[in-house]
Amino acid sequence: MTALLFSLGILSVGGLTTLLAWRRAQLATFCGAGSAVLAALLGLSTSGSTLLTGTCQDLTLSWQVPAGSFALHLDRLAAFFLVPIFLLTLLCALYGSEYLKNSARTRSQAPVWFCFNLLIAAMVLVTTAANAVLFLAAWELMSLASFFLVAYDHQKEEVRRAAWLYLLSTHLGAALLMALFLLLSTWAGSPDFAAFGNLTELSAGPAALIFLLALFGFGSKAGIFPLHFWLPDAHPAAPSHVSALMSGVMIKVGIYGILRICGFLPVAPAWWGGLLMGLGITGALFGIAMAAMQQDIKRCLAYSTVENIGLMFLALGLGWYAAASNLPEIALLSWAGGLLHLWNHSLFKGLLFFGAGYLLHGTGTRNLDRMGGLLKRMPTTGALLLGGSLAICALPPLNGFVSEWLIYRGLLQTGNAATGLAALYPLLLVGLLALVGGLALVVFTRLTGIALLGHPRHFQASEAHESGCFMQLPMLLLFGLCLAIGLFPAQPLRLILGVAGDCLRLPSVEIAATGLTDIGRLGLSLLGVLGVILLMAAAARRLWRRQRNKRPTWGCGYAFPDVRMEYSAEGYAELVQHHLLPTSLCPHLTGGTVQGVLPTGTGIRQESTDPVLQR
């Protein structure tokens, strides 16, 4: 706990120091990023050791606030969320120090690094707070710091709009949380979390009220459907390393809040799990469908976050449903998949947002239709972006495959164990989850294909090039972790099963690990086969170049091919729009009408807006 306090102190001092270096951009960056890196390394060692040993630590200091105390509690659940928080903090600080160099020429870097450090400190406090007043204060600090980071480019109208929308959403959620903690403190007789343990004897009605307040209060931060509406605007508006931090870990703090509060309540009944499964699969389908129609690469990734949050809620809801149905092994299996997917999403979504920021840094645009041909100009970044796309599409041998396999297995075993109509619900979810996976393949073949392949569609893309090592190194580390979990999943899962057993109040955690060794062997085999194929392809290409003269790609009979003939992002997703999506989700088209025998030039514009926000 002392090390954790030191970490918070380093973040605070580093953030304040950046304000003293207001007019010196390099010094402000050094102080802000350097203190974040030091605090992250210290925090990683503390949270990692707590997760390994399972020991709990408490700290209580006097605090002159009515009904408040500076009470901290570090256990396995808190450590489970602190590990990705500190890991992404470390990588985002390194990435951001290089990413913001261009803007440092025209504006002070002190505010962004001050808010960055404040956001990290607030997330750590939220995760370890053991008093309702301290929790709400830290929650408000987290919301305000992230608001100012989203509003970094506040000269743009769309950025200001996204920031205000986020502030509105987060404070609507905070209003529900205030009601939640007032009820808990009144019924427990104290605002300290230690007193909340007496609430396990609550009757069904009050427990359900607390659960719903927690679900929608914290769910607004987590981006659960239909409270996700701030997320697709906020992530594109923020700097890319901030987008990675918000998508990778900040929204997960909302999931932490739900799990922490539900740990004080009686054992979850089956309908809690059914509700979470329904909201989760709806959000997953909605998010991935909307991602398929976005021109903005960061907006596409933001909707993909809505999808993945839905998958996590689906798995956690399935665990509660199985536990209430007296299926403890399946409950542990499902929670293991959901919690592992939480870690996995932090890794591959951080990698993808870093990659998107790299493309933005190199081309000056987030519009997919103004990219193209970037794999030749940015080969390392392009390869890492492809790796992140494979991971998020749950393809072996990367980590996304392991967590989604566990979720599939939980659904199938639940359907097999149930009887009558009760077996229909989980088996129906298997089909819907498969549909989500198919749409994810469309989304990320579209994203990587349009951005990386073909010819540049704009002069900015033709001039793109690789940037400094501080932007590439975090991407390499994240991809390495994605590959390591995919090849050796049993090791992280042992840690996760302990957390799942604590939350579900189930003693046995051994059964859920069966089959993971085979997954690792499958991944190693596929990696070996892939390596052989790549070597053979490289050798064949080298031989082909020696024997054949270079020829242009066949132009389908056109004498003068043009980059406008390449697939656009909208054209690639047209099949999905017309044959899979309901009318309410389809984009709005303007223009494109051709008139006359010899028509003049015309244009067409596609705009995909969020129907929840608009209607």
# chains A, B, ... in the order shown; residues from 1 in each chain; ligands from 1
call {"tool": "select_by_dssp", "arguments": {"residues": "region 522-596 of chain A", "states": "helix (DSSP H, G or I)", "output": "JSON, numbers by chain"}}
result
{"A": [522, 523, 524, 525, 526, 527, 528, 529, 530, 531, 532, 533, 534, 535, 536, 537, 538, 539, 540, 541, 542, 543, 544, 545, 546, 547, 563, 564, 565, 569, 570, 571, 572, 574, 575, 576, 577, 578, 579, 583, 584, 585]}
call {"tool": "closest_atom_pairs", "arguments": {"of": "region 334-357 of chain A", "to": "region 235-243 of chain A", "cutoff": "8 Å", "atoms": "only C-alpha atoms", "output": "tab-separated table"}}
result
residue	atom	partner	partner_atom	distance
A:Phe353	CA	A:Ser240	CA	6.1
A:Phe354	CA	A:Ser240	CA	6.3
A:Ala356	CA	A:Ser240	CA	7.4
A:Gly357	CA	A:Ser240	CA	5.0
call {"tool": "write_last_selection", "arguments": {"atoms": "C-alpha atoms", "output": "tab-separated table (two decimals), in the first residue's frame"}}
result
chain	number	residue	atom	x	y	z
A	353	PHE	CA	-5.77	3.06	-31.42
A	354	PHE	CA	-2.00	3.50	-31.44
A	356	ALA	CA	-4.84	4.62	-35.98
A	357	GLY	CA	-2.95	7.50	-34.35
call {"tool": "atom_distance", "arguments": {"atom1": "CA of Ser203 (chain A)", "atom2": "CA of Ala324 (chain A)"}}
result
16.2 Å
call {"tool": "closest_residue", "arguments": {"among": "A:Pro266, A:Leu478, A:Leu245, A:Thr127", "to": "Gly205 (chain A)", "atoms": "only C-alpha atoms"}}
result
A:Pro266
call {"tool": "residues_around", "arguments": {"residues": "Ala434 (chain A)", "least_positions_apart": "2", "cutoff": "12 Å", "atoms": "only C-alpha atoms", "output": "list in words"}}
result
Ile281, Ala284, Leu285, Leu311, Cys393, Ala394, Glu404, Trp405, Ile407, Tyr408, Leu411, Leu427, Leu428, Leu429, Val430, Gly431, Leu432, Val436, Gly437, Gly438, Leu439, Ala440 and Leu441 of chain A
call {"tool": "closest_residue", "arguments": {"among": "A:Leu390, A:Leu314, A:Leu504, A:Met290", "to": "Leu265 (chain A)", "atoms": "only C-alpha atoms"}}
result
A:Leu504
call {"tool": "residues_around", "arguments": {"residues": "Val37 (chain A)", "least_positions_apart": "5", "cutoff": "10 Å", "atoms": "only C-alpha atoms", "output": "PyMOL selection string"}}
result
chain A and resi 7+10-11+31-32+42-43+86-94
call {"tool": "residues_around", "arguments": {"residues": "Lys221 (chain A)", "least_positions_apart": "4", "cutoff": "10 Å", "atoms": "only C-alpha atoms", "output": "ChimeraX atom specification"}}
result
/A:143,166,169-174,216-217,227-228,230-231,250-255,257
call {"tool": "write_last_selection", "arguments": {"atoms": "all heavy atoms", "output": "short mmCIF file (atom, residue, chain, number, x, y, z; two decimals), in the first residue's frame"}}
result
data_model
loop_
_atom_site.label_atom_id
_atom_site.label_comp_id
_atom_site.auth_asym_id
_atom_site.auth_seq_id
_atom_site.Cartn_x
_atom_site.Cartn_y
_atom_site.Cartn_z
N SER A 143 -13.79 11.99 -14.30
CA SER A 143 -14.67 12.51 -15.34
C SER A 143 -14.19 13.85 -15.87
O SER A 143 -14.18 14.10 -17.08
CB SER A 143 -16.11 12.63 -14.81
OG SER A 143 -16.60 11.37 -14.39
N TYR A 166 -20.00 14.10 -23.72
CA TYR A 166 -19.39 13.20 -22.75
C TYR A 166 -19.62 13.70 -21.32
O TYR A 166 -19.95 12.91 -20.43
CB TYR A 166 -17.89 13.08 -23.03
CG TYR A 166 -17.13 12.40 -21.92
CD1 TYR A 166 -17.40 11.08 -21.58
CD2 TYR A 166 -16.15 13.08 -21.21
CE1 TYR A 166 -16.71 10.47 -20.56
CE2 TYR A 166 -15.47 12.47 -20.18
CZ TYR A 166 -15.74 11.16 -19.86
OH TYR A 166 -15.07 10.55 -18.84
N SER A 169 -23.21 12.99 -20.31
CA SER A 169 -23.44 11.57 -20.06
C SER A 169 -22.83 11.12 -18.74
O SER A 169 -23.48 10.43 -17.95
CB SER A 169 -22.85 10.74 -21.21
OG SER A 169 -22.90 9.36 -20.93
N THR A 170 -21.61 11.54 -18.49
CA THR A 170 -20.94 11.07 -17.28
C THR A 170 -21.58 11.63 -16.02
O THR A 170 -21.60 10.98 -14.98
CB THR A 170 -19.43 11.40 -17.34
OG1 THR A 170 -18.75 10.67 -16.32
CG2 THR A 170 -19.16 12.88 -17.13
N HIS A 171 -22.17 12.83 -16.10
CA HIS A 171 -22.81 13.38 -14.91
C HIS A 171 -24.22 12.85 -14.72
O HIS A 171 -24.71 12.80 -13.58
CB HIS A 171 -22.79 14.91 -14.96
CG HIS A 171 -21.46 15.46 -14.54
ND1 HIS A 171 -20.42 15.66 -15.42
CD2 HIS A 171 -20.99 15.81 -13.32
CE1 HIS A 171 -19.38 16.13 -14.77
NE2 HIS A 171 -19.69 16.22 -13.49
N LEU A 172 -24.87 12.43 -15.78
CA LEU A 172 -26.13 11.71 -15.60
C LEU A 172 -25.87 10.39 -14.87
O LEU A 172 -26.62 9.99 -13.98
CB LEU A 172 -26.80 11.46 -16.95
CG LEU A 172 -27.43 12.67 -17.63
CD1 LEU A 172 -27.91 12.31 -19.03
CD2 LEU A 172 -28.59 13.20 -16.80
N GLY A 173 -24.79 9.71 -15.27
CA GLY A 173 -24.42 8.50 -14.56
C GLY A 173 -24.03 8.77 -13.12
O GLY A 173 -24.38 8.01 -12.21
N ALA A 174 -23.31 9.89 -12.88
CA ALA A 174 -22.90 10.23 -11.52
C ALA A 174 -24.11 10.51 -10.63
O ALA A 174 -24.07 10.23 -9.43
CB ALA A 174 -21.97 11.44 -11.55
N PHE A 216 -26.81 0.94 -14.49
CA PHE A 216 -26.95 2.08 -15.40
C PHE A 216 -26.08 3.27 -15.00
O PHE A 216 -25.68 4.06 -15.85
CB PHE A 216 -28.43 2.47 -15.50
CG PHE A 216 -29.27 1.43 -16.18
CD1 PHE A 216 -30.15 0.63 -15.46
CD2 PHE A 216 -29.15 1.21 -17.53
CE1 PHE A 216 -30.91 -0.35 -16.08
CE2 PHE A 216 -29.90 0.23 -18.18
CZ PHE A 216 -30.78 -0.55 -17.45
N GLY A 217 -25.79 3.40 -13.69
CA GLY A 217 -24.87 4.46 -13.27
C GLY A 217 -23.45 4.21 -13.75
O GLY A 217 -22.82 5.07 -14.37
N LEU A 227 -26.47 3.24 -23.42
CA LEU A 227 -25.84 4.40 -22.80
C LEU A 227 -24.46 4.68 -23.40
O LEU A 227 -23.65 5.37 -22.80
CB LEU A 227 -25.70 4.17 -21.29
CG LEU A 227 -27.00 3.84 -20.55
CD1 LEU A 227 -26.73 3.56 -19.08
CD2 LEU A 227 -28.00 4.98 -20.68
N HIS A 228 -24.23 4.17 -24.59
CA HIS A 228 -22.93 4.29 -25.26
C HIS A 228 -22.79 5.57 -26.05
O HIS A 228 -21.72 5.83 -26.61
CB HIS A 228 -22.81 3.14 -26.26
CG HIS A 228 -23.77 3.32 -27.40
ND1 HIS A 228 -25.12 3.01 -27.28
CD2 HIS A 228 -23.62 3.86 -28.63
CE1 HIS A 228 -25.73 3.33 -28.41
NE2 HIS A 228 -24.85 3.84 -29.24
N TRP A 230 -22.14 8.64 -26.04
CA TRP A 230 -21.04 9.60 -25.96
C TRP A 230 -19.75 9.05 -26.57
O TRP A 230 -18.89 9.80 -27.03
CB TRP A 230 -20.76 9.95 -24.50
CG TRP A 230 -20.34 8.79 -23.66
CD1 TRP A 230 -21.15 7.94 -22.97
CD2 TRP A 230 -19.00 8.30 -23.46
NE1 TRP A 230 -20.42 6.96 -22.33
CE2 TRP A 230 -19.09 7.16 -22.62
CE3 TRP A 230 -17.75 8.72 -23.90
CZ2 TRP A 230 -17.96 6.45 -22.22
CZ3 TRP A 230 -16.63 8.00 -23.51
CH2 TRP A 230 -16.75 6.88 -22.67
N LEU A 231 -19.62 7.73 -26.59
CA LEU A 231 -18.34 7.09 -26.87
C LEU A 231 -17.87 7.27 -28.32
O LEU A 231 -16.70 7.59 -28.55
CB LEU A 231 -18.46 5.61 -26.49
CG LEU A 231 -17.21 4.80 -26.26
CD1 LEU A 231 -17.47 3.72 -25.22
CD2 LEU A 231 -16.76 4.14 -27.54
N MET A 250 -10.26 3.11 -19.10
CA MET A 250 -11.17 3.98 -18.34
C MET A 250 -12.59 3.45 -18.33
O MET A 250 -13.27 3.46 -17.30
CB MET A 250 -11.15 5.41 -18.89
CG MET A 250 -11.85 6.41 -17.99
SD MET A 250 -12.24 7.97 -18.77
CE MET A 250 -13.63 7.48 -19.80
N ILE A 251 -13.08 2.98 -19.47
CA ILE A 251 -14.44 2.46 -19.49
C ILE A 251 -14.56 1.18 -18.67
O ILE A 251 -15.64 0.85 -18.17
CB ILE A 251 -14.93 2.22 -20.93
CG1 ILE A 251 -14.05 1.21 -21.64
CG2 ILE A 251 -14.98 3.52 -21.72
CD1 ILE A 251 -14.57 0.80 -23.00
N LYS A 252 -13.44 0.45 -18.48
CA LYS A 252 -13.47 -0.77 -17.68
C LYS A 252 -13.67 -0.45 -16.20
O LYS A 252 -14.07 -1.32 -15.42
CB LYS A 252 -12.18 -1.57 -17.86
CG LYS A 252 -11.71 -1.72 -19.30
CD LYS A 252 -12.60 -2.60 -20.10
CE LYS A 252 -12.18 -2.66 -21.55
NZ LYS A 252 -10.77 -2.89 -21.82
N VAL A 253 -13.34 0.80 -15.80
CA VAL A 253 -13.58 1.20 -14.41
C VAL A 253 -15.08 1.12 -14.11
O VAL A 253 -15.49 0.83 -12.98
CB VAL A 253 -13.03 2.61 -14.16
CG1 VAL A 253 -13.37 3.09 -12.75
CG2 VAL A 253 -11.51 2.61 -14.34
N GLY A 254 -15.92 1.36 -15.12
CA GLY A 254 -17.36 1.19 -14.94
C GLY A 254 -17.72 -0.26 -14.63
O GLY A 254 -18.58 -0.53 -13.78
N ILE A 255 -17.06 -1.20 -15.30
CA ILE A 255 -17.30 -2.62 -15.01
C ILE A 255 -16.83 -2.95 -13.60
O ILE A 255 -17.50 -3.69 -12.86
CB ILE A 255 -16.59 -3.50 -16.05
CG1 ILE A 255 -17.15 -3.23 -17.45
CG2 ILE A 255 -16.73 -4.98 -15.71
CD1 ILE A 255 -16.49 -4.02 -18.55
N GLY A 257 -16.87 -0.98 -11.06
CA GLY A 257 -17.86 -0.47 -10.12
C GLY A 257 -19.03 -1.42 -9.96
O GLY A 257 -19.51 -1.66 -8.84
#
call {"tool": "residues_around", "arguments": {"residues": "His154 (chain A)", "least_positions_apart": "4", "cutoff": "12 Å", "atoms": "only C-alpha atoms", "output": "JSON, numbers by chain"}}
result
{"A": [147, 148, 149, 150, 158, 159, 160, 161, 162, 163, 164, 237, 238, 239]}
call {"tool": "write_last_selection", "arguments": {"atoms": "N, CA and C atoms", "output": "PDB file, in the first residue's frame"}}
result
ATOM      1  N   PHE A 147     -12.686  14.738 -19.522  1.00  0.00           N
ATOM      2  CA  PHE A 147     -13.399  15.761 -20.305  1.00  0.00           C
ATOM      3  C   PHE A 147     -12.417  16.741 -20.939  1.00  0.00           C
ATOM      4  N   PHE A 148     -11.449  17.224 -20.163  1.00  0.00           N
ATOM      5  CA  PHE A 148     -10.491  18.186 -20.709  1.00  0.00           C
ATOM      6  C   PHE A 148      -9.557  17.539 -21.729  1.00  0.00           C
ATOM      7  N   LEU A 149      -9.285  16.249 -21.570  1.00  0.00           N
ATOM      8  CA  LEU A 149      -8.462  15.560 -22.561  1.00  0.00           C
ATOM      9  C   LEU A 149      -9.228  15.356 -23.867  1.00  0.00           C
ATOM     10  N   VAL A 150     -10.513  15.033 -23.767  1.00  0.00           N
ATOM     11  CA  VAL A 150     -11.333  14.922 -24.985  1.00  0.00           C
ATOM     12  C   VAL A 150     -11.391  16.266 -25.700  1.00  0.00           C
ATOM     13  N   GLU A 158     -16.715  20.188 -33.691  1.00  0.00           N
ATOM     14  CA  GLU A 158     -17.114  18.816 -33.407  1.00  0.00           C
ATOM     15  C   GLU A 158     -16.441  18.281 -32.140  1.00  0.00           C
ATOM     16  N   VAL A 159     -15.245  18.787 -31.843  1.00  0.00           N
ATOM     17  CA  VAL A 159     -14.564  18.374 -30.618  1.00  0.00           C
ATOM     18  C   VAL A 159     -15.276  18.941 -29.396  1.00  0.00           C
ATOM     19  N   ARG A 160     -15.652  20.198 -29.460  1.00  0.00           N
ATOM     20  CA  ARG A 160     -16.378  20.802 -28.334  1.00  0.00           C
ATOM     21  C   ARG A 160     -17.704  20.082 -28.103  1.00  0.00           C
ATOM     22  N   ARG A 161     -18.389  19.745 -29.192  1.00  0.00           N
ATOM     23  CA  ARG A 161     -19.665  19.037 -29.063  1.00  0.00           C
ATOM     24  C   ARG A 161     -19.465  17.661 -28.420  1.00  0.00           C
ATOM     25  N   ALA A 162     -18.420  16.936 -28.855  1.00  0.00           N
ATOM     26  CA  ALA A 162     -18.150  15.613 -28.296  1.00  0.00           C
ATOM     27  C   ALA A 162     -17.815  15.703 -26.807  1.00  0.00           C
ATOM     28  N   ALA A 163     -17.052  16.730 -26.428  1.00  0.00           N
ATOM     29  CA  ALA A 163     -16.665  16.885 -25.024  1.00  0.00           C
ATOM     30  C   ALA A 163     -17.877  17.191 -24.150  1.00  0.00           C
ATOM     31  N   TRP A 164     -18.752  18.092 -24.607  1.00  0.00           N
ATOM     32  CA  TRP A 164     -19.950  18.420 -23.816  1.00  0.00           C
ATOM     33  C   TRP A 164     -20.894  17.227 -23.712  1.00  0.00           C
ATOM     34  N   ALA A 237     -12.369  12.440 -31.008  1.00  0.00           N
ATOM     35  CA  ALA A 237     -11.996  13.813 -30.680  1.00  0.00           C
ATOM     36  C   ALA A 237     -10.708  13.879 -29.880  1.00  0.00           C
ATOM     37  N   ALA A 238     -10.470  12.905 -29.009  1.00  0.00           N
ATOM     38  CA  ALA A 238      -9.308  12.932 -28.120  1.00  0.00           C
ATOM     39  C   ALA A 238      -8.037  12.582 -28.886  1.00  0.00           C
ATOM     40  N   PRO A 239      -6.854  13.012 -28.373  1.00  0.00           N
ATOM     41  CA  PRO A 239      -5.592  12.512 -28.937  1.00  0.00           C
ATOM     42  C   PRO A 239      -5.543  10.996 -28.879  1.00  0.00           C
TER      43      PRO A 239
END
call {"tool": "closest_residue", "arguments": {"among": "A:Phe81, A:Tyr256, A:Phe116, A:Phe264", "to": "Tyr152 (chain A)", "atoms": "only C-alpha atoms"}}
result
A:Phe116
call {"tool": "residues_around", "arguments": {"residues": "Gly54 (chain A)", "least_positions_apart": "3", "cutoff": "8 Å", "atoms": "only C-alpha atoms", "output": "NGL selection string"}}
result
:A and (50-51 or 75-76)
call {"tool": "write_last_selection", "arguments": {"atoms": "C-alpha atoms", "output": "mmCIF file, in the first residue's frame"}}
result
data_model
loop_
_atom_site.group_PDB
_atom_site.id
_atom_site.type_symbol
_atom_site.label_atom_id
_atom_site.label_comp_id
_atom_site.auth_asym_id
_atom_site.auth_seq_id
_atom_site.Cartn_x
_atom_site.Cartn_y
_atom_site.Cartn_z
ATOM 1 C CA THR A 50 -1.227 -8.522 -4.997
ATOM 2 C CA LEU A 51 -2.797 -10.427 -7.876
ATOM 3 C CA ASP A 75 -7.498 -6.878 -3.071
ATOM 4 C CA ARG A 76 -7.410 -9.206 -6.065
#
call {"tool": "closest_residue", "arguments": {"among": "A:Leu421, A:Leu347, A:Leu342, A:Ile533", "to": "Met475 (chain A)", "atoms": "only C-alpha atoms"}}
result
A:Leu347
call {"tool": "closest_residue", "arguments": {"among": "A:Val126, A:Leu134, A:Phe401, A:Ser49", "to": "Pro66 (chain A)", "atoms": "only C-alpha atoms"}}
result
A:Leu134
call {"tool": "closest_residue", "arguments": {"among": "A:Ala188, A:Leu481, A:Leu144, A:Leu374", "to": "Gly454 (chain A)", "atoms": "only C-alpha atoms"}}
result
A:Leu374
